[in-house]
Every structure is written in structure tokens, then in C-alpha cells.
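Participant: Structure below; questions to follow.
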Amino acid sequence: MLSVFLACPFFSFPLESEEFGPVFVQEPDDLIFAVDSEEKKVMMACEARGNPKPTYSWLINSTEVDVEDDFRYSLIDGNLIITNASEAVDYGVYQCRAENSLGIVLSRDALLQFAYLGAFSGRTRGAVSVREGQGVVLMCAPPPHSPDIIYSWVFNEFPSFVAEDSRRFISQETGNLYISKVQPSDVGSYICLVKNTVTNARVLSPPTPLTLKTDGVMGEYEPKIEVHFPPTVMAAKGVTVRLECFALGNPVPTITWRKMNGNIPKKARLRKSQAVLEIPNIQLEDSGSYECKAENSRGGTAFRGYLQWISMINDTQLDSGEQLRWECKATGKPRPSYRWLRNGAPLSPQNRVEMVNGELIIHRVQQTDSGMYQCVAENKYGAIYSSGELKILASAPMFKTTSVKVIATVGKDVSLECRPQASPKPRVSWRKGDRRIQPSKRIILLRNNTLRIINSSRSDEGSYVCRAENQFGSAEKTTALLVKEAMRVELSPSRVEVTVGESVVLSCKAIHDPSLDVSFLWLLNSQPLNFQKEGGHFEYIQTQSSTADLMIRSILLKHAGKYGCRVQTSADTVYAEAELLVRGPPGPPGVVIVEEITDTTATLSWSHGVDNHSPITAYNVQARSPFSLGWQTVRTDPEPVTGDMESAMAVELNPWVDYEFRVVATNAIGTGDPSAPSRAVRTKEAVPSVAPANVSGGNGRRHELVISWEPVSEEFQNGEGFGYIVAFRANGSRGWKEKMVTSADSTTYKYRDETFPPLTPFEVKVGVYNNKGDGPFSRVVTVYSAEGEPRESPSEVKAISVSSSEIQVTWKPPNPGPGKPRGYEVSYWKDVEQEDSAKKKRTLGNETSMLLSGLEGNTRYLITVKGFNSIGQGPASAAVHASTRKPCEFSHPEGNNVSLTWEPVKSMANESDVIGYKVLLRQEGRSHSQVMRTPNPSAVLTLPEGGTYIIEVRAISEGGEGTASSQVRVLTSSGKKKMPWALLSYLTISITFPFF
């Protein structure tokens, strides 16, 4: 289901007692209907007035529409509704016919078109293969469409579009892509994209591959014009003409244009590398023969066509008795002749009809002159038809409103309108009551039939009648005039000054005729106040019917201005105005100008801003640099800067720093907004004035003197070429050694000398310099040379086996002196391995013992110890060795008994003596354990049948129990004990004691 609606405005007319024939109020317009629109209907609009009321019928292509028998058609008033409209049936020219007992009228033609865009054929397009240098045309073959479409081409993939230039052109007439000379970069896939100008729908063609042949390169050849305009181009007056011309050729041809009988119009424009000539607003002088020429080094070719100008006639409506003048002009060779048709029949000159050189004049038109006219311009090559309809309007006068009331004010002028609708124009007369009105100095009848009364008085009140009449009838309109006393408006106070934040009430009082209603409107600076958008600052208060107040709360500077109270009645409008002055902080000063700049000063000037009705007392000068946190107040000369000054010097600035300046004004009310910032300026360079801070040093490798400092901020470097001068001397010596450090970001300097011993004291100072010269040094501090890495190895290294997985290592620190250790590193490796594979473990501090754990049982290890500090490591001690103990062993089970043995545990020097062992036996999956005590490093255990058992051993001393050994698992089943010997090779008894 498809539909389109054409909206028509609705006019209402009063009923008339006199009969008259149909007169169109609205006629149908040309319509383009989008087929894929969501609307379901098309509506062709038509409305006419007449008495009796007209009936309607419609014609399509001169054939009457059968509304009764075809369900797709329906009439609503005069409008034709078409349901499920289709181009095949409903495309065409429509006319509305309005009819009553007095006659029939036909509307102008209205063309119904259908906008649609079909799909491209899905058939695969074959590849186009050409030689390099050859020209090619890629065909678009657009799908069915209506109306016009726009063409473009996609290269390889969307949205990469082909760019048009002197070598490539897309014709908007054919849609084809023309490449005058193919290059290797043109190889690829081409897709034609078309877009409907009405619906904006777009569809893509199947791709056309473009390939290069491999049998050689195309040589040069002369141009061949592939795109050109028709031999005869007909253009109506005022339209834009677009002429296309493009050629293939190698080298790429150049396109030029000329007009054979004169110059190309100045208004013409060349588009798309001169391939398109556009001439807007075609006039008679633009007609003639045009030539496009394509040239390259191999030759040239040209094409000529004639641009024929046509002046068309248009539909015209005239009142009976007026004159018709139609001009029909055309250009051509030979010069065309003209003839006229009326309703398809030849029109001949008559008493009132003249025809001269394409111009038709009919004097004093009559109803019988109505009809369809055609101008035919022809020569031996053909004929051009131009059509237009002449309608002669004939209707009795009528008024949209037959009675009105006008209220005037004493002493003011008043106008009484009389605007009848009639054809031909009616004669108009005025009367007051029964007496005809005669114009005078005070009562004037204007050309548009309006009656104007100057300086009206109470005596002018009464009933005024305007009468209009022509040969078809007459009509009257009555205006009741009331004259009231003039209204006065009082607005108080008329001028008031307030300070920002205060409140004020303006009162507006109207003195007027009590019989009239009154309305108030408040304005600020001639613009109506919007109370809802003013943030609650304004409130409208009407205390009486004739008084309205305006409350302004928490006044802002922007509320200053002229407040108007407009009071209106049906008789008069009076306006009164009051001025509100608002005192507040000053506005921003004018833009700041930097007039002179030195290394530490800037001379500034500015202009006064508004003082907001409170004199400016002082200015504050502010500056901003890349190193400041926002805007900062700067010192000035003079200081303070008083309100009558417009210049000052900013002082104590830093050299070689970018600054912006602004000024803030202050008055008795407060401080205002700042001025706009000045342009950024840089102060001049100067010798550095700030020395590095926190000079210190120390650490480093042996024989090094390390000096460090905090770098000087860029803000205080004062110029280019900034660096540091590091000066030092050994205590007691006289001369200073000085070293230059050229990087402004440097924070350390290292000096190495093999001759001075560790921890030698030096006097140190660090200075600054730049291209302008040397700056100050820091204060002198004492810095010691580095003590270096440890130089001796630990002594008396001992290693004692603690268990099958642990060895305790102890040592003594090296002799006190420079390079003392800050910790120790223990290296250990198996006797059968190389030292390179050693594992390393460090102490947390200066501890002199370490327990190595996680070792393999019954294995010999080699162990060394070395000291380290922040500089590096010292030499390693001589390697000592120790062997871990054997793991726990089981004897083969005998009956229900299992024998368990382990190596005795020896207590260390700081531990209590071992007095026995505790053996714990529990079944896997249970928490309860059987405990057995023995003074010997062996035990015989009796195991119940069935299940898995876990055995642990702990050493006992007077200080308590030691840590548990590794767990041993024993499996029993079917009355036999199974010892997991393979597993036992990895399980050991590891027993250590806590320190007591």
C-alpha cells in the first residue's frame, strides 16, 4: 500500500446571497511521489468557491477519472486521493474541474511523477583489458529510475571514490567513467554508484575489473571526443545550462571552449578541469554556437553545437477589462517564425488582438478570451511549443468579514479598512449611517479604499458602511467605531541607582477608560522580559487591575538598562520607560600592551574599562609564566597603581622567562574581572643569580670523589648556554680544581684520582654560568671521597651439617676500615659441580651466620662468603666444605614390626643438649597420633594391618621439642607391610632445635 499527501491550505468564505460561478482558491501542483515512501496515499489538492457550492471531478491525460467505479480513487471535498498509486497507471497530467449551475472551470495542469531507483542487474561484468597509455570508457548502465540521478564511481572498495581530473571524467548525462590515458595505478575494480535526487536512495553496480595487457605500451595518438553536448540545446530563460565535453588521447588532451558569434559570457564557469561549461541564468544574448576543442601534441579535434534560447509563456489570470501581454521568443538559424493557437485552433489578429514577432497582446480581455494558448516557434529544422492558460476572473464583490468593531483614542488617527474580493475591481463608496461620506481635510479616502480619520474625537463614533460593486453584484461591510479617552501610564521611579546584590521594585500604573481591559508587558532595553529564563531575578506582581509591579531581586550588572512598561487596551498602546543604574565592581580594563622589556622589568599600558558607576580606585598588575601556578601579583613601579593611571612598570621579573600580563581594576564595590592577557614576551638574558642548592656528595667507587647538587630551575637560568662550575680542593690545600658541566639538568660530577685514600675530606662548591657570564657559587661544604667496596674477605668461615637438608655457616667480619660490608653473600655448590653453578644467598644485614636449607642428603658442598656494600662486592673467603647427613633408613619389615633408624642430632653451641626423641605414628586421614619416646636414634614400631601410616620424628631437649622430620609413609595390606623404598630415597628426617 502506497500513498502521498499534498497538503492544501483551507480558506473559509462567508455565504453569499448572490450566485456566482466557481473560482479556484487552490489548484493542484506538480508532484513527485517517492515510491518507497511510508505514506500510503497520493493527494492532489483542489478547492474552489462559488454559489451554489461547486462540485468536483478530475481529468488524467484529458480522460475523466472514474471515482465511482475505481476503489483506488476517492474525493474529499475537491481533493483527489489515490490509494496504492503506481507509475504504470497513475503517471500523467491531472486537472481539477469545478462546476456549479453557473459554469465550469478547469485548473492548471499538474504533473504527477514517481520517484524510484531500481537495482542494478546482478549479472557479473566482464573485465576490461587495455594497454598502458590507451583510453577507456567504463559503462555504468544505470538501473530504471525517476527522476534524475547523480553518478559517481567507487575504486576498489567503498568509500574510495574516483577523483575527477584532466585524465578522468564522469559524465552526468551517461553515467560512464572516461579515462583518457590509462596508467598502472588505474588497475583495479570499478563500481558505479547512483543516487536518486529526490529520495536520496543509493545503489551500487557489480564491479568492473580494469586490467593491463602485457603486449606492450600504447603509443601517442590524437584526441578523440567521446563526450559532447547535443547539436542543438534548447534552454528556457533563467535556467542553468551545463555543457559536457571530454576526449580520450595520449598525451592527455586539453579542453578549451569558445563562442563562435561572440565571447563566452562572463558569468560562465568551467568545471572538472574544463570538461564542463556552466552558464547560469540563461538570457537571449547567451544563445549561439559553442565549440569545445580537445588538443594534444599529436593533433586536435572539435565539436560545435547551438544553444537555443526560448522565452516561454506562463499561466496568467486577469480581471475582465485588463490587458494581456505575452512574449514568446526563440533563437535559431534560420530565424524562427511564430504563430499562436487558442484551444488548439489558429488565432488571428482582430480588433482587440495583436500578434507581432512572437508577442501577443489582447486589449480589454473578456470572459470569452479564456482558454489554453500556445506559441509555436518554427523554422525548417523543427518547431517549439510553449503553452499557457489565460483565465479571466469574474466574480461579484465579497468580504471575508461583514462587520467589525474598531476602538480608537481621542486625538489619534484611525483607519477603517475596505478590502473586498472581486473581479473586475469594484467601485467603493463609504457612508456613516444613512449619510454618504464626503472626503475632507480630516476624513481621507486612500487609494486602497481605506477611510482614514485624522485627530479622532467622540463625535466620530458611529456605524461606517463600505459598499463595493461591479457588474456582477455588490457587497457591504459595516465597521462600528468607538472613540475612548486617551490612556496615561506612570512608571516610578523613573531613575534609580542600586548596588549589585540589592533589590528594587518598579511600579507601572495605567489611567484608562474603565470599560476597557488592560494588559501589561515589561521590557528591558526594548526586549520583552522572559521571567522563566532569568533565574528568579525578576517577578511580575499585579496589585490591581490597573497597576503592575516588577520586582528585581539580587541585581546583577547585566540588569542595568532601560526598563519599559507597555500598556495595551483594545483602543490604545502606551509605553513608559525608567532607567536602572547598577553600581558594581569595575569591568575588565582594555587590552594590556607591553611597550618595553628588559631583563627584570616590563613597561605596561592599558585603557580604562567601565567603572560601573563607582570610580576605580586601584589597579593590580598580574603576570603568568610557565613556572608560576596561575596568575601571580607582581611588584610595580609606582606602587600602588592608582585608578587614574593607565601604565606601570612590572619589576623584579626573572630574566629570559616568557611572561603574559593582565590588569585587574578595583573600586569601592569590589574587584572586577581581569583584562585580556597581553601577548607573551620574553625578558632579556642576564648573568645567572641563583647558585645550586644542597651541595653534597660521597659514596662512589674506590678513589672517586662524587659531588651532587640540586639543579637550578629553568626559571632562574637567566639565558642560553647554562651550565655548572664544580670547584673542589683537598682540605688544607690552596688551589681549587674547577670542572665545567655543560648540561643544565646535571645533578652529579665524579672525579677519580688513584692517589688519594678513601674518605679523604674535600672542600666543595658549585657555581653557575651562561652565555652572559659566570654567576655565584654555592657555600663551601665538606665532601669525603668514597670508601669503596669491601677490600677484605670474612675470616674463620665454618660450615656444620645440621641435618640431611641443612648446613649452618658462620664467619667473622673483616677488620674495621674503609669499605666495610653492609651485608654478606654466601655461595654454595656441590663438590661434583663447578663454582660457576653456585647458588647465592644474602643476609638481610650484618649477620655473621646463615642456615642453608633445601640441600640434598648425604652430599658434600663447598661454601664461600664475601662482603658487599652499595659500591660493590669484596673478595670471597677460601672455600670450606661440609656434608649433609644421611636420610632416614628403614629395615625390611619383620611380621608387624618396622625398624626405624636416623643419625643422632647434635645440638649447637647456643642450644640445649638432646636428651631423646619422640616418634609420632598416625594413620593417613586421621588426626590422632600414637607417640613413642626413645633416648636412642632408633625405634621399632608395630603397625596394625591395612592402611597407610605416616611417621615423624622430633628431637627433645630441656628447652622443648625441635622441628619435625620429613614425613615417611608406610603402606600395609593383606597382613603384609609394603615400604615405599623408591619414595624413601627422597624423604629424609630433618630435625633441628629451637634456641633456648
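Letters A, B, ... go to the chains of the C-alpha cells in the order shown; residues in each chain start at 1; ligands are counted from 1 in the same order.
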Identify, on the basis of only C-alpha atoms, every residue whose closest approach to range 282-297 of chain A does not exceed 6 Å; exclude the query and any residue fewer than 6 positions from it along the same chain; express the result as a ChimeraX atom specification.
Facilitator: /A:237-239,253-260,303-309
Participant: Restricting the calculation to only C-alpha atoms: of A:Arg271, A:Arg701, A:Arg298, A:His145, which residue gets closest to Ser870 in chain A?
Facilitator: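 Using only C-alpha atoms, the shortest distance to Ser870 in chain A belongs to A:Arg701.
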Participant: Taking 2 positions as the minimum chain separation for residues in the same chain, which residues sit within 6 Å of range 316-331 of chain A when counting only C-alpha atoms? Answer as a list in words.
Facilitator: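 What passes the distance filter is Gln308, Trp309, Ile310, Ser311, Met312, Gly358, Glu359, Leu360, Ile361, Ile362, His363, Arg364, Val365, Gln366, Leu390, Lys391, Ile392, Leu393, Ser423 and Pro424 of chain A.
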Participant: Using only C-alpha atoms, find the one residue out of A:Gly175, A:Gly371, A:Pro776, A:Gly462 that sits nearest to Leu106 in chain A.
Facilitator: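 Among the listed residues, the smallest separation from Leu106 in chain A belongs to A:Gly371.
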Participant: Go through A:Thr636, A:Asn530, A:Thr642, A:Ser503 and flag the residue nearest Pro615 in chain A, using only C-alpha atoms for the distances.
Facilitator: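 Using only C-alpha atoms, the shortest distance to Pro615 in chain A belongs to A:Thr642.
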